[in-house]
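Let me begin by presenting the structure, written as structure tokens, before commenting on it.
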Amino acid sequence: MMIAATILAFVFAVKIRDWCYPLVFFWAFIGIGVRNSTLYPTITPLSYILAVLILIFHHFHQKNREIIREMGSDPS
């Protein structure tokens with residue numbers, strides 16, 4: 001389910017173009033990792049890894065959008 005949620009975070013970031021959506025998933029995955037660290041030790045690292053992947057994707061997606069925006073506004 002967390003992998004499906006990660007894919008949804010990527011889709012929302014690309015389709016809706018809203019920077020908040022991936023950060024909500026990041027926050028939720030960190031919360032899942034903290035909350036379930038003692039009960040489910042295998043879910044904790046997975047949730048942290050997926051949270052970092054979402055954060056990295058979010059960062060590069062934002063940088064890409066800035067580059068494209070700059071190229072489109074370039075008069076030459």
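Lettering and numbering for the structure tokens are positional, with chains as A, B, ... in the shown order, residues counted from 1 in each chain, and ligands counted from 1 in the shown order.
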Residues flagged helix (DSSP H, G or I) by DSSP in chain A, as a ChimeraX atom specification: /A:2-15,20-35,43-73
Contact residues around segment 22-33 of chain A with only C-alpha atoms at 6 Å, ignoring same-chain residues under 4 positions, as a count of residues only: 5
Residue with smallest distance to Leu53 of chain A - pool A:Met1, A:Ile68, A:Ile7, A:Ile16, counting only C-alpha atoms: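 With only C-alpha atoms as the atom set, the closest residue is A:Ile7.
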Computed interatomic separation between atom CA of Ala5 of chain A and atom CA of Arg35 of chain A (Å): 17.6 Å
Atom-to-atom span, atom CA of Ile49 of chain A and atom CA of Arg65 of chain A, Å: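 Taking atom CA of Ile49 of chain A as the start and atom CA of Arg65 of chain A as the end point, the length is 24.3 Å.
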Residue nearest Val11 of chain A among A:Val34, A:Ile54, A:Ile67, A:Leu46 (counting only C-alpha atoms):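 Of A:Val34, A:Ile54, A:Ile67, A:Leu46, the one nearest Val11 of chain A is A:Ile54, counting only C-alpha atoms.
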Between atom CA of Met71 of chain A and atom CA of Arg17 of chain A - distance in Å to one decimal: 18.0 Å
Nearest to Ala13 of chain A, chosen from A:Leu50, A:Thr38, A:Leu55, A:Pro45, with only C-alpha atoms counted in the distances: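 Once distances to Ala13 of chain A are computed over only C-alpha atoms, the minimum belongs to A:Leu55.
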Selected residue of minimal separation from Asn64 of chain A among A:Tyr40, A:Val14, A:Tyr48, A:Tyr21, counting only C-alpha atoms: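 Looking only at the distances to Asn64 of chain A, the closest residue turns out to be A:Val14.
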Shortest interatomic distance to Trp19 of chain A - which of A:Ala4, A:Thr42, A:Gly72, A:His61, counting only C-alpha atoms: A:His61
